[in-house]
Every structure is written in C-alpha cells, then in structure tokens.
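Just my_file-v8.txt here, compact mmCIF, C-alpha atoms and all ligand atoms:
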```
# COMPACT_ATOMS: atom_id res chain seq x y z
CA MET M 1 -7.76 37.07 -55.60
CA ASN M 2 -6.43 40.07 -57.47
CA GLN M 3 -5.97 39.28 -61.20
CA GLU M 4 -2.48 40.76 -61.34
CA ILE M 5 -1.28 38.43 -58.58
CA LEU M 6 -2.87 35.42 -60.28
CA LEU M 7 -1.13 36.26 -63.53
CA GLU M 8 2.20 36.68 -61.76
CA LEU M 9 1.80 33.25 -60.10
CA LEU M 10 0.99 31.79 -63.50
CA ARG M 11 3.93 33.51 -65.20
CA VAL M 12 6.41 32.10 -62.69
CA ALA M 13 4.80 28.64 -62.83
CA ARG M 14 5.02 28.57 -66.64
CA GLU M 15 8.58 29.81 -66.84
CA THR M 16 9.63 27.31 -64.13
CA ALA M 17 7.84 24.40 -65.82
CA VAL M 18 9.67 25.05 -69.09
CA SER M 19 13.11 25.02 -67.39
CA ALA M 20 12.17 21.91 -65.41
CA GLY M 21 10.84 20.15 -68.51
CA GLN M 22 13.93 20.97 -70.56
CA PHE M 23 16.10 19.52 -67.81
CA ALA M 24 14.01 16.31 -67.56
CA LYS M 25 14.05 15.94 -71.35
CA GLU M 26 17.84 16.37 -71.56
CA LYS M 27 18.26 13.62 -68.97
CA PHE M 28 15.64 11.33 -70.53
CA ASP M 29 18.07 9.08 -72.44
CA GLN M 30 20.83 9.15 -69.87
CA PRO M 31 21.56 6.54 -67.20
CA ARG M 32 19.81 7.30 -63.92
CA THR M 33 19.41 5.97 -60.43
CA VAL M 34 16.00 4.53 -59.59
CA GLU M 35 15.09 3.87 -55.98
CA SER M 36 12.03 2.51 -54.27
CA LYS M 37 10.45 4.87 -51.72
CA GLY M 38 7.47 2.62 -50.98
CA PHE M 39 5.45 -0.26 -52.34
CA ARG M 40 5.32 0.16 -56.16
CA ASP M 41 6.50 3.76 -55.75
CA LEU M 42 9.72 4.92 -57.45
CA VAL M 43 11.92 7.99 -57.38
CA THR M 44 14.83 8.79 -59.71
CA ASP M 45 17.73 11.19 -59.27
CA VAL M 46 16.02 13.36 -61.93
CA ASP M 47 12.80 13.68 -59.86
CA ILE M 48 14.90 15.08 -57.02
CA ALA M 49 16.96 17.41 -59.23
CA VAL M 50 13.87 18.72 -61.07
CA GLN M 51 12.09 19.40 -57.79
CA LYS M 52 15.07 21.40 -56.53
CA LEU M 53 15.16 23.43 -59.73
CA ILE M 54 11.43 24.21 -59.41
CA VAL M 55 11.54 25.10 -55.72
CA ASP M 56 14.65 27.29 -56.05
CA ASN M 57 13.08 29.22 -58.90
CA ILE M 58 9.81 29.79 -57.05
CA LEU M 59 11.59 30.83 -53.85
CA ASP M 60 13.64 33.36 -55.85
CA HIS M 61 10.35 35.06 -56.79
CA PHE M 62 8.27 34.38 -53.66
CA PRO M 63 10.48 33.86 -50.59
CA ASP M 64 7.50 33.80 -48.17
CA HIS M 65 5.53 31.06 -49.92
CA GLY M 66 5.16 27.45 -48.69
CA PHE M 67 5.44 24.07 -50.44
CA LEU M 68 3.74 20.71 -50.65
CA PRO M 69 6.03 18.79 -53.01
CA GLU M 70 6.01 15.09 -53.84
CA GLU M 71 9.62 14.43 -52.88
CA GLU M 72 10.34 14.87 -49.18
CA ASP M 73 12.46 17.92 -48.34
CA ALA M 74 12.57 18.98 -44.70
CA THR M 75 14.31 22.26 -45.60
CA LEU M 76 11.24 23.69 -47.34
CA PRO M 77 8.72 26.02 -45.65
CA GLU M 78 5.35 24.26 -45.28
CA SER M 79 3.22 27.31 -44.63
CA GLY M 80 2.69 30.66 -46.30
CA PRO M 81 0.00 32.78 -47.98
CA ILE M 82 0.35 30.56 -51.07
CA ILE M 83 1.25 26.87 -51.04
CA TRP M 84 2.93 25.53 -54.16
CA ILE M 85 1.92 21.92 -54.80
CA ILE M 86 4.50 20.31 -57.05
CA ASP M 87 5.05 17.03 -58.82
CA PRO M 88 8.47 17.34 -60.48
CA ILE M 89 7.82 14.30 -62.68
CA ASP M 90 4.37 12.81 -62.78
CA GLY M 91 4.78 9.47 -64.52
CA THR M 92 7.97 8.45 -62.72
CA THR M 93 7.54 4.77 -63.60
CA ASN M 94 7.26 5.73 -67.29
CA TYR M 95 10.29 8.02 -66.97
CA SER M 96 12.38 5.39 -65.16
CA ARG M 97 11.78 2.97 -68.06
CA GLN M 98 12.30 5.58 -70.79
CA GLN M 99 8.67 5.66 -71.79
CA PRO M 100 8.16 9.25 -73.03
CA ILE M 101 4.87 10.02 -71.22
CA PHE M 102 5.33 12.21 -68.17
CA ALA M 103 4.70 15.79 -67.08
CA ILE M 104 5.78 18.53 -64.73
CA SER M 105 2.91 19.72 -62.51
CA ILE M 106 3.06 23.05 -60.70
CA ALA M 107 0.09 24.62 -58.87
CA ALA M 108 -0.12 27.76 -56.77
CA THR M 109 -2.85 27.12 -54.21
CA HIS M 110 -4.63 28.88 -51.42
CA PRO M 111 -4.74 26.88 -48.16
CA VAL M 112 -8.24 26.57 -46.68
CA TYR M 113 -8.36 26.49 -42.84
CA ASP M 114 -10.95 25.28 -40.33
CA ALA M 115 -11.77 27.08 -37.06
CA THR M 116 -8.71 25.58 -35.38
CA GLN M 117 -6.41 26.91 -38.10
CA THR M 118 -5.82 23.41 -39.50
CA VAL M 119 -5.53 23.16 -43.27
CA ILE M 120 -8.52 21.20 -44.59
CA ALA M 121 -8.09 21.72 -48.35
CA TYR M 122 -6.15 23.56 -51.01
CA GLU M 123 -7.83 25.76 -53.57
CA PRO M 124 -5.82 25.80 -56.83
CA LEU M 125 -5.38 29.38 -58.13
CA ALA M 126 -2.98 28.89 -61.02
CA GLY M 127 -1.85 25.60 -62.51
CA VAL M 128 0.58 24.43 -65.18
CA VAL M 129 1.04 20.95 -66.62
CA TYR M 130 3.98 20.66 -69.03
CA ASP M 131 4.71 17.66 -71.25
CA PRO M 132 8.28 18.32 -72.36
CA MET M 133 8.48 15.43 -74.85
CA CYS M 134 5.63 16.99 -76.88
CA ALA M 135 6.56 20.57 -75.89
CA GLU M 136 2.90 20.90 -74.95
CA MET M 137 1.80 23.09 -72.07
CA PHE M 138 -1.60 23.30 -70.38
CA TRP M 139 -2.40 26.11 -67.97
CA ALA M 140 -5.30 27.71 -66.12
CA THR M 141 -6.12 30.37 -63.58
CA LYS M 142 -9.11 30.28 -61.23
CA GLY M 143 -12.03 31.86 -63.09
CA GLY M 144 -9.77 32.77 -66.02
CA GLY M 145 -10.23 29.70 -68.23
CA ALA M 146 -7.73 27.09 -69.39
CA VAL M 147 -5.60 26.79 -72.50
CA ARG M 148 -3.16 24.49 -74.29
CA LYS M 149 -0.09 25.64 -76.15
CA ASP M 150 1.29 23.21 -78.73
CA GLY M 151 4.90 22.64 -79.75
CA ASN M 152 4.57 25.29 -82.50
CA GLY M 153 3.47 27.95 -80.04
CA ARG M 154 -0.19 27.94 -81.07
CA ILE M 155 -2.68 28.45 -78.22
CA TYR M 156 -6.10 26.79 -78.00
CA PRO M 157 -8.83 27.13 -75.38
CA LEU M 158 -9.31 23.94 -73.36
CA GLN M 159 -12.74 22.40 -73.53
CA THR M 160 -13.85 18.94 -72.42
CA SER M 161 -15.40 16.62 -75.01
CA PRO M 162 -19.09 16.76 -76.01
CA VAL M 163 -19.42 13.01 -75.27
CA ASN M 164 -22.56 12.48 -73.19
CA ASN M 165 -23.01 8.74 -73.47
CA LEU M 166 -20.75 6.08 -71.96
CA ASN M 167 -20.83 4.16 -75.25
CA ASP M 168 -18.74 6.92 -76.83
CA ALA M 169 -16.44 7.51 -73.87
CA ALA M 170 -12.66 6.98 -73.64
CA LEU M 171 -11.88 5.74 -70.13
CA CYS M 172 -8.51 5.89 -68.39
CA LEU M 173 -8.36 3.77 -65.25
CA SER M 174 -5.34 3.21 -62.99
CA LEU M 175 -4.86 -0.06 -61.15
CA GLY M 176 -3.49 1.44 -57.93
CA SER M 177 -0.68 -0.16 -55.98
CA THR M 178 -2.24 -2.33 -53.26
CA ARG M 179 -3.94 -5.68 -53.84
CA ASP M 180 -7.31 -4.46 -52.49
CA LYS M 181 -7.30 -1.42 -54.76
CA ARG M 182 -6.36 -3.56 -57.74
CA ILE M 183 -9.24 -5.97 -57.12
CA GLN M 184 -11.63 -2.98 -56.94
CA ALA M 185 -10.07 -1.37 -60.01
CA GLN M 186 -10.48 -4.57 -62.00
CA GLN M 187 -14.13 -4.81 -60.97
CA TRP M 188 -14.69 -1.21 -62.14
CA MET M 189 -12.74 -1.83 -65.34
CA ARG M 190 -14.89 -4.87 -66.09
CA ALA M 191 -18.14 -3.01 -65.34
CA LEU M 192 -17.27 0.24 -67.17
CA GLY M 193 -15.55 -1.78 -69.89
CA GLU M 194 -18.91 -3.24 -70.89
CA TYR M 195 -20.07 0.23 -71.91
CA VAL M 196 -17.20 2.51 -72.89
CA PHE M 197 -15.75 2.97 -76.37
CA THR M 198 -12.15 2.29 -75.30
CA ILE M 199 -9.77 2.07 -72.32
CA ARG M 200 -6.29 3.61 -71.80
CA GLU M 201 -3.79 3.83 -68.94
CA ILE M 202 -1.07 6.34 -69.85
CA GLY M 203 0.84 6.19 -66.54
CA SER M 204 0.56 9.86 -65.56
CA ALA M 205 -2.40 11.06 -63.53
CA THR M 206 -1.69 14.72 -64.22
CA LEU M 207 -1.53 14.19 -68.00
CA SER M 208 -4.65 12.01 -67.86
CA LEU M 209 -6.59 14.87 -66.26
CA ALA M 210 -5.11 17.39 -68.71
CA TRP M 211 -6.21 15.09 -71.54
CA VAL M 212 -9.75 14.95 -70.11
CA ALA M 213 -9.66 18.75 -70.01
CA ALA M 214 -8.53 18.77 -73.66
CA GLY M 215 -11.29 16.39 -74.77
CA ARG M 216 -8.88 13.51 -75.55
CA LEU M 217 -10.25 11.33 -72.76
CA ASP M 218 -13.64 11.46 -71.01
CA ILE M 219 -13.20 9.62 -67.69
CA TYR M 220 -10.27 9.13 -65.32
CA VAL M 221 -10.49 6.85 -62.26
CA ASN M 222 -7.69 6.35 -59.72
CA GLN M 223 -7.82 5.28 -56.06
CA GLY M 224 -4.20 6.24 -55.28
CA ILE M 225 -4.03 9.97 -55.98
CA LYS M 226 -1.92 12.45 -54.02
CA PRO M 227 -2.50 16.24 -54.08
CA TRP M 228 0.61 16.83 -56.22
CA ASP M 229 -0.71 14.44 -58.92
CA VAL M 230 -3.79 16.60 -59.50
CA ALA M 231 -3.49 20.11 -58.02
CA ALA M 232 -2.69 21.79 -61.35
CA ALA M 233 -4.74 19.49 -63.57
CA ALA M 234 -7.90 19.68 -61.43
CA LEU M 235 -7.95 23.43 -62.10
CA LEU M 236 -7.46 22.85 -65.84
CA LEU M 237 -10.33 20.42 -65.79
CA GLU M 238 -12.73 22.62 -63.86
CA GLU M 239 -11.93 25.63 -66.06
CA ALA M 240 -12.46 23.45 -69.17
CA GLY M 241 -15.98 22.41 -68.09
CA GLY M 242 -15.15 19.07 -66.50
CA SER M 243 -15.95 17.59 -63.09
CA PHE M 244 -13.41 16.58 -60.46
CA GLY M 245 -14.14 14.77 -57.20
CA ASN M 246 -13.99 11.33 -55.65
CA THR M 247 -15.59 8.04 -56.64
CA THR M 248 -18.54 8.47 -54.25
CA GLY M 249 -19.59 11.82 -55.69
CA ASN M 250 -17.98 13.97 -53.02
CA GLY M 251 -15.08 16.40 -53.17
CA PHE M 252 -11.47 15.26 -53.49
CA ASP M 253 -9.77 14.71 -50.13
CA TRP M 254 -6.78 17.13 -50.22
CA VAL M 255 -5.40 16.38 -46.75
CA GLY M 256 -6.70 13.02 -45.48
CA GLY M 257 -4.79 10.82 -47.94
CA ALA M 258 -7.90 8.95 -49.19
CA GLY M 259 -6.48 9.05 -52.71
CA ASP M 260 -9.84 8.49 -54.35
CA CYS M 261 -10.43 10.38 -57.62
CA LEU M 262 -12.96 10.56 -60.42
CA ALA M 263 -12.45 13.14 -63.16
CA THR M 264 -14.72 13.41 -66.17
CA ASN M 265 -15.73 15.70 -69.00
CA GLY M 266 -18.73 16.65 -66.80
CA ARG M 267 -21.34 15.12 -69.10
CA VAL M 268 -20.75 11.47 -68.17
CA HIS M 269 -20.02 12.08 -64.48
CA ALA M 270 -23.38 10.92 -63.09
CA GLN M 271 -23.51 7.80 -65.29
CA THR M 272 -19.98 6.86 -64.26
CA LEU M 273 -20.70 7.41 -60.55
CA GLN M 274 -23.71 5.13 -60.78
CA ILE M 275 -21.70 2.25 -62.28
CA LEU M 276 -18.89 2.75 -59.75
CA ALA M 277 -21.46 2.60 -56.90
CA GLU M 278 -23.13 -0.53 -58.28
CA ASN M 279 -19.75 -2.23 -58.50
CA ARG M 280 -18.16 -1.17 -55.24
CA LEU M 281 -16.81 -4.27 -53.44
C1 LIG M 301 1.77 8.38 -60.21
C2 LIG M 301 1.29 8.45 -61.64
C3 LIG M 301 0.43 7.25 -61.96
C4 LIG M 301 -0.76 7.13 -61.02
C5 LIG M 301 -0.28 7.12 -59.57
C6 LIG M 301 0.58 8.34 -59.29
P1 LIG M 301 4.16 9.53 -59.94
O1 LIG M 301 2.53 9.52 -59.89
O2 LIG M 301 0.55 9.62 -61.85
O3 LIG M 301 -0.07 7.34 -63.27
O4 LIG M 301 -1.45 5.95 -61.28
O5 LIG M 301 -1.40 7.11 -58.72
O6 LIG M 301 1.03 8.30 -57.94
O7 LIG M 301 4.64 8.60 -58.88
O8 LIG M 301 4.53 9.07 -61.28
O9 LIG M 301 4.49 10.94 -59.68
CA CA M 302 6.19 12.14 -59.25
```

Take the structure in this file and express it as structure tokens.
Amino acid sequence: MNQEILLELLRVARETAVSAGQFAKEKFDQPRTVESKGFRDLVTDVDIAVQKLIVDNILDHFPDHGFLPEEEDATLPESGPIIWIIDPIDGTTNYSRQQPIFAISIAATHPVYDATQTVIAYEPLAGVVYDPMCAEMFWATKGGGAVRKDGNGRIYPLQTSPVNNLNDAALCLSLGSTRDKRIQAQQWMRALGEYVFTIREIGSATLSLAWVAAGRLDIYVNQGIKPWDVAAAALLLEEAGGSFGNTTGNGFDWVGGAGDCLATNGRVHAQTLQILAENRL
C-alpha cells in the first residue's frame, strides 16, 4: 500500500486514540454501569461511549471504510476497502474495578478474501495501542517499524527483548473464561512455570502484546482472543521482531473464533511451542 495512505491511516488512528484515551481517563474514577454480555465478559457504559467516539471520528475522515468493533453496533458498515478493528477499552474487567491497566486499540486493516469473496483474514496496516493512564502510545505501520512514545513525548523504537532462554523469560498467561480453557491454562502455567523467570497476568491482551513488543515481557499465551484484542498489537509485535500466531505454531485465526494465541519475542517461540505441545490436554 502507498506510504502516504498508510501514514494518513496512522495519523487518524493516533489522533482518535488520544481523544478516546482522554475520555476513558476522565471517567476512570466516576461511577459507571457494568453489565454482563456473556460468561465472564463485561461491558461498561464507558466502553460503549468510547467506541462511539472512535467510530464517529474515523467515519468523519473515511466515510467509505468498514468496522469490526468489539461492542455490537448494527448501524456500522461491515465492509469497505479498509476495515477498522477496534477495542475501545481492552482490559474492561480492570477498568470496571478501577484497576488502572487498560488500553485503547485501533487498527486499520486490509481484508483478505478467498475465491468466493469471503473474508478469511485481516492484514493489519497501521495500528495504535494507547495506555491513557501512563500517557504511553505504541504504534506501527506495515513494513515501517514500530515505536513507543512516553508521557514526556520522547519516542523510542520498539524492539523485543534479547532473551533467548526460557529461564530468563517473563511469561504472561491468561486463564480464559471457560472451565476447559482454565484447566488447560493451568497445565501450561505449571509446565512453563517450571522454567520461566517470572509470571504476570496484567488483564489486557493488547497491552500484554505491546509489552512483548517493547521487551517488557517475552511470552503471552491466551486461548480466548478476539481480533479486536490483538489487531493493532500484533502489528507492533511483528514490526518489533516478535512472533505472533496460535499455540500450535500456525497463524492466528482472524475469522473462525478459535481464540488461540501465542505471542513471543521471537527468540523463545519454538521452545514455548514445544512445551505447550507436550502439555496439551
Ligand atoms: C479481554 C482482556 C483480557 C483477556 C481476554 C480479553 P476485554 O478483553 O484483554 O486480558 O484475557 O481474553 O477478551 O474484554 O477487556 O476487551
Ligand atoms: Ca474491550
């Protein structure tokens, strides 16, 4: 894709993420409504309001683009030359309990079609992950590298960690929501836990991937991932030298809902896959 178009997609995504993040931060300490939209799956009034802010801003710039957002909205166009994959607040459980770890995730993607014109994947072109509580933004464009901007406006290239041995690795592993997934996750946690340096679960898949891209974590495992959790951060990770796929060593399933994800710094990917395979129930 033409570089000028990529940069324009990125510019709009960044500007939109800042407005969305400021809004979510302003509302952080205020009372909010929290509803269940599924088993161990929450939505707050702020998720809905932030999504509307994001979508309205993008449509102002690109009226012919489509959307794949986390929160259901039948009024939005689903198809277009570019599909915006959006998680208005990734880390909703954290947000709903006033735990200050969450992020806005906005990705401009290119839909990939099969011979019957069915979408089989999304190729991220430009992605932004914004952590408003730290005023920290991560962004990337396809083939253009990835960067982090800190709260003081300084910009750093994103690069995964040099860790090449599981003994030195920081693992982040999510439990998942169903009983079966939790039993599997605990088996993997036990097996990987014998080797890794330390384990975290920060409650936001998109920030976890961004932190792998930034070299703060080395491995992220989650069996319950949706495209909006990772569309922006997968691009960050790939541009920062990491590896992103599923727990069997294949590509992430963008449309089938498998939800299976393994993201690493690249160097410990094969070792991690081997332990996951040996401990698959
Ligand atoms: C969830 C968070 C969580 C992860 C779940 C996601 P949400 O997204 O990223 O950390 O474990 O798989 O669905 O609901 O907070 O946007
Ligand atoms: Ca969310």

Polymer residues at most 9 Å from (20.0, 11.6, -62.0) by only C-alpha atoms, as a PyMOL selection string | chain M and resi 27+30-34+44-49

Quiz prompt | Top pick for closest residue to ligand CA 302 (chain M), considering M:Lys25, M:Lys142, M:Arg182, M:Lys226 and counting all atoms listed in the file | solution =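 Closest residue, counting all atoms listed in the file: M:Lys226.
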
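The gap separating atom CA of Ile54 of chain M from atom CA of Leu9 of chain M is 13.2 Å, in Å to one decimal.
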
For Asn279 of chain M: contacts at 12 Å, only C-alpha atoms, fewer than 2 positions along chain excluded, given as a list in words: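 Near Asn279 of chain M, the qualifying residues are Ile183, Gln184, Ala185, Gln186, Gln187, Trp188, Met189, Arg190, Ala191, Leu192, Thr247, Thr248, Thr272, Leu273, Gln274, Ile275, Leu276, Ala277 and Leu281 of chain M.
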
- Task: Could you pull out the residues sitting within 7 Å of ligand LIG 301 (chain M), using only C-alpha atoms and all ligand atoms, and write them as a PyMOL selection string?
- Result: chain M and resi 41-42+87+89-93+174-176+202-206+222+224-226+229

Test item: residues at most 12 Å from Gly38 of chain M, all atoms listed in the file, excluding those fewer than 4 positions along its chain, as number ranges by chain = M: 42-43, 177-178

Computed gap from atom CA of Phe67 of chain M to atom CA of Asn246 of chain M is 23.8 Å

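Atom pair atom CA of Leu262 of chain M / atom CA of Val212 of chain M: separated by 11.1 Å.
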
Would you mind telling me which residue in M:Lys149, M:Ala126, M:Pro227, M:Glu136 lies nearest to Gly256 of chain M when using only C-alpha atoms?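 Comparing M:Lys149, M:Ala126, M:Pro227, M:Glu136 against Gly256 of chain M, the winner is M:Pro227.
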
Could you work out an axis-aligned bounding box for all listed atoms of segment 172-178 of chain M, with 5 Å added on each of the six sides, and give its centre and edge lengths in Å to one decimal, as AutoDock Vina command-line options?
```
--center_x -4.6 --center_y 1.8 --center_z -60.8 --size_x 17.8 --size_y 18.2 --size_z 25.1
```

Taking (10.6, 18.8, -65.5) as a centre in this file's frame and 8 Å as the limit, can you find every polymer residue with an atom that close, using all atoms listed in the file, and give them as a ChimeraX atom specification? /M:17-25,47,50-51,88-89,103-104,130,132

Contacts of segment 231-235 of chain M within 10 Å, only C-alpha atoms, excl. fewer than 5 positions in-chain, as a ChimeraX atom specification
/M:84-87,104-109,122-129,138-143,145-146,205-213,226,240,242-245,252,254,263

task = Could you tell me which of M:Arg179, M:Arg14, M:Lys37, M:His110 comes closest to ligand CA 302 (chain M) if we count all atoms listed in the file?
result =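 Under the stated criterion, the closest residue is M:Lys37.
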
From the options M:Gly259, M:Asp60, M:Phe102, M:Gly241, which residue's atoms come nearest to ligand CA 302 (chain M), counting all atoms listed in the file?
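Of the candidates, the smallest distance to ligand CA 302 (chain M) is held by M:Phe102.
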
Name the closest residue to Asn152 of chain M among the candidates M:Glu72, M:Thr16, M:Ala135, M:Asp114; distances are taken between atoms, counting all atoms listed in the file.
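Comparing M:Glu72, M:Thr16, M:Ala135, M:Asp114 against Asn152 of chain M, the winner is M:Ala135.
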
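Counting only C-alpha atoms and all ligand atoms and comparing M:Tyr113, M:Tyr220, M:Trp228, M:Phe39, the residue that lies closest to ligand CA 302 (chain M) is M:Trp228.
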
Completion step: segment 25-36 of chain M with all heavy atoms as a PDB file, in the coordinates of the input:
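Once written, result.pdb looks like this:
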```pdb
ATOM      1  N   LYS M  25      13.925  16.471 -69.983  1.00  0.00           N
ATOM      2  CA  LYS M  25      14.050  15.940 -71.350  1.00  0.00           C
ATOM      3  C   LYS M  25      15.511  15.664 -71.696  1.00  0.00           C
ATOM      4  O   LYS M  25      15.835  14.636 -72.294  1.00  0.00           O
ATOM      5  CB  LYS M  25      13.440  16.956 -72.335  1.00  0.00           C
ATOM      6  CG  LYS M  25      13.345  16.421 -73.735  1.00  0.00           C
ATOM      7  CD  LYS M  25      12.681  17.403 -74.659  1.00  0.00           C
ATOM      8  CE  LYS M  25      12.724  16.852 -76.071  1.00  0.00           C
ATOM      9  NZ  LYS M  25      12.234  17.812 -77.044  1.00  0.00           N
ATOM     10  N   GLU M  26      16.399  16.581 -71.305  1.00  0.00           N
ATOM     11  CA  GLU M  26      17.840  16.370 -71.560  1.00  0.00           C
ATOM     12  C   GLU M  26      18.343  15.088 -70.905  1.00  0.00           C
ATOM     13  O   GLU M  26      19.194  14.394 -71.415  1.00  0.00           O
ATOM     14  CB  GLU M  26      18.650  17.539 -70.993  1.00  0.00           C
ATOM     15  CG  GLU M  26      18.748  18.731 -71.938  1.00  0.00           C
ATOM     16  CD  GLU M  26      19.189  19.981 -71.189  1.00  0.00           C
ATOM     17  OE1 GLU M  26      19.933  19.860 -70.179  1.00  0.00           O
ATOM     18  OE2 GLU M  26      18.766  21.064 -71.609  1.00  0.00           O
ATOM     19  N   LYS M  27      17.796  14.790 -69.729  1.00  0.00           N
ATOM     20  CA  LYS M  27      18.260  13.620 -68.970  1.00  0.00           C
ATOM     21  C   LYS M  27      17.541  12.327 -69.382  1.00  0.00           C
ATOM     22  O   LYS M  27      17.886  11.248 -68.893  1.00  0.00           O
ATOM     23  CB  LYS M  27      17.979  13.826 -67.463  1.00  0.00           C
ATOM     24  CG  LYS M  27      18.690  15.022 -66.867  1.00  0.00           C
ATOM     25  CD  LYS M  27      20.120  14.684 -66.584  1.00  0.00           C
ATOM     26  CE  LYS M  27      20.863  15.868 -66.005  1.00  0.00           C
ATOM     27  NZ  LYS M  27      22.293  15.722 -66.007  1.00  0.00           N
ATOM     28  N   PHE M  28      16.530  12.453 -70.255  1.00  0.00           N
ATOM     29  CA  PHE M  28      15.640  11.330 -70.530  1.00  0.00           C
ATOM     30  C   PHE M  28      16.374  10.062 -70.984  1.00  0.00           C
ATOM     31  O   PHE M  28      16.062   8.967 -70.551  1.00  0.00           O
ATOM     32  CB  PHE M  28      14.597  11.747 -71.581  1.00  0.00           C
ATOM     33  CG  PHE M  28      13.616  10.666 -71.923  1.00  0.00           C
ATOM     34  CD1 PHE M  28      12.658  10.260 -71.013  1.00  0.00           C
ATOM     35  CD2 PHE M  28      13.661  10.034 -73.164  1.00  0.00           C
ATOM     36  CE1 PHE M  28      11.757   9.251 -71.315  1.00  0.00           C
ATOM     37  CE2 PHE M  28      12.765   9.031 -73.478  1.00  0.00           C
ATOM     38  CZ  PHE M  28      11.809   8.642 -72.547  1.00  0.00           C
ATOM     39  N   ASP M  29      17.368  10.244 -71.878  1.00  0.00           N
ATOM     40  CA  ASP M  29      18.070   9.080 -72.440  1.00  0.00           C
ATOM     41  C   ASP M  29      19.302   8.692 -71.655  1.00  0.00           C
ATOM     42  O   ASP M  29      20.001   7.767 -72.039  1.00  0.00           O
ATOM     43  CB  ASP M  29      18.501   9.399 -73.886  1.00  0.00           C
ATOM     44  CG  ASP M  29      17.312   9.374 -74.818  1.00  0.00           C
ATOM     45  OD1 ASP M  29      16.416   8.542 -74.600  1.00  0.00           O
ATOM     46  OD2 ASP M  29      17.278  10.204 -75.747  1.00  0.00           O
ATOM     47  N   GLN M  30      19.588   9.412 -70.600  1.00  0.00           N
ATOM     48  CA  GLN M  30      20.830   9.150 -69.870  1.00  0.00           C
ATOM     49  C   GLN M  30      20.617   8.155 -68.733  1.00  0.00           C
ATOM     50  O   GLN M  30      19.503   8.018 -68.231  1.00  0.00           O
ATOM     51  CB  GLN M  30      21.384  10.470 -69.325  1.00  0.00           C
ATOM     52  CG  GLN M  30      21.798  11.393 -70.462  1.00  0.00           C
ATOM     53  CD  GLN M  30      22.287  12.735 -69.958  1.00  0.00           C
ATOM     54  OE1 GLN M  30      22.691  12.864 -68.816  1.00  0.00           O
ATOM     55  NE2 GLN M  30      22.221  13.721 -70.828  1.00  0.00           N
ATOM     56  N   PRO M  31      21.703   7.472 -68.316  1.00  0.00           N
ATOM     57  CA  PRO M  31      21.560   6.540 -67.200  1.00  0.00           C
ATOM     58  C   PRO M  31      21.084   7.274 -65.955  1.00  0.00           C
ATOM     59  O   PRO M  31      21.427   8.443 -65.765  1.00  0.00           O
ATOM     60  CB  PRO M  31      22.987   6.008 -66.981  1.00  0.00           C
ATOM     61  CG  PRO M  31      23.796   6.495 -68.113  1.00  0.00           C
ATOM     62  CD  PRO M  31      23.072   7.594 -68.807  1.00  0.00           C
ATOM     63  N   ARG M  32      20.296   6.632 -65.131  1.00  0.00           N
ATOM     64  CA  ARG M  32      19.810   7.300 -63.920  1.00  0.00           C
ATOM     65  C   ARG M  32      19.689   6.314 -62.793  1.00  0.00           C
ATOM     66  O   ARG M  32      19.642   5.105 -63.004  1.00  0.00           O
ATOM     67  CB  ARG M  32      18.453   7.958 -64.181  1.00  0.00           C
ATOM     68  CG  ARG M  32      17.314   6.995 -64.441  1.00  0.00           C
ATOM     69  CD  ARG M  32      16.114   7.769 -64.883  1.00  0.00           C
ATOM     70  NE  ARG M  32      16.495   8.562 -66.041  1.00  0.00           N
ATOM     71  CZ  ARG M  32      16.081   8.328 -67.271  1.00  0.00           C
ATOM     72  NH1 ARG M  32      15.204   7.388 -67.495  1.00  0.00           N
ATOM     73  NH2 ARG M  32      16.495   9.040 -68.281  1.00  0.00           N
ATOM     74  N   THR M  33      19.631   6.844 -61.586  1.00  0.00           N
ATOM     75  CA  THR M  33      19.410   5.970 -60.430  1.00  0.00           C
ATOM     76  C   THR M  33      17.910   5.926 -60.164  1.00  0.00           C
ATOM     77  O   THR M  33      17.224   6.955 -60.213  1.00  0.00           O
ATOM     78  CB  THR M  33      20.137   6.483 -59.178  1.00  0.00           C
ATOM     79  OG1 THR M  33      19.652   7.786 -58.892  1.00  0.00           O
ATOM     80  CG2 THR M  33      21.644   6.532 -59.385  1.00  0.00           C
ATOM     81  N   VAL M  34      17.419   4.728 -59.897  1.00  0.00           N
ATOM     82  CA  VAL M  34      16.000   4.530 -59.590  1.00  0.00           C
ATOM     83  C   VAL M  34      15.932   3.850 -58.232  1.00  0.00           C
ATOM     84  O   VAL M  34      16.555   2.814 -58.030  1.00  0.00           O
ATOM     85  CB  VAL M  34      15.313   3.636 -60.638  1.00  0.00           C
ATOM     86  CG1 VAL M  34      13.828   3.497 -60.331  1.00  0.00           C
ATOM     87  CG2 VAL M  34      15.520   4.178 -62.047  1.00  0.00           C
ATOM     88  N   GLU M  35      15.227   4.477 -57.310  1.00  0.00           N
ATOM     89  CA  GLU M  35      15.090   3.870 -55.980  1.00  0.00           C
ATOM     90  C   GLU M  35      13.627   3.677 -55.647  1.00  0.00           C
ATOM     91  O   GLU M  35      12.772   4.412 -56.134  1.00  0.00           O
ATOM     92  CB  GLU M  35      15.721   4.789 -54.926  1.00  0.00           C
ATOM     93  CG  GLU M  35      17.241   4.693 -54.914  1.00  0.00           C
ATOM     94  CD  GLU M  35      17.863   5.719 -53.996  1.00  0.00           C
ATOM     95  OE1 GLU M  35      17.193   6.112 -53.024  1.00  0.00           O
ATOM     96  OE2 GLU M  35      18.999   6.111 -54.288  1.00  0.00           O
ATOM     97  N   SER M  36      13.390   2.713 -54.735  1.00  0.00           N
ATOM     98  CA  SER M  36      12.030   2.510 -54.270  1.00  0.00           C
ATOM     99  C   SER M  36      11.834   3.349 -53.006  1.00  0.00           C
ATOM    100  O   SER M  36      12.662   3.323 -52.102  1.00  0.00           O
ATOM    101  CB  SER M  36      11.827   1.027 -53.947  1.00  0.00           C
ATOM    102  OG  SER M  36      10.621   0.888 -53.247  1.00  0.00           O
TER     103      SER M  36
END
```
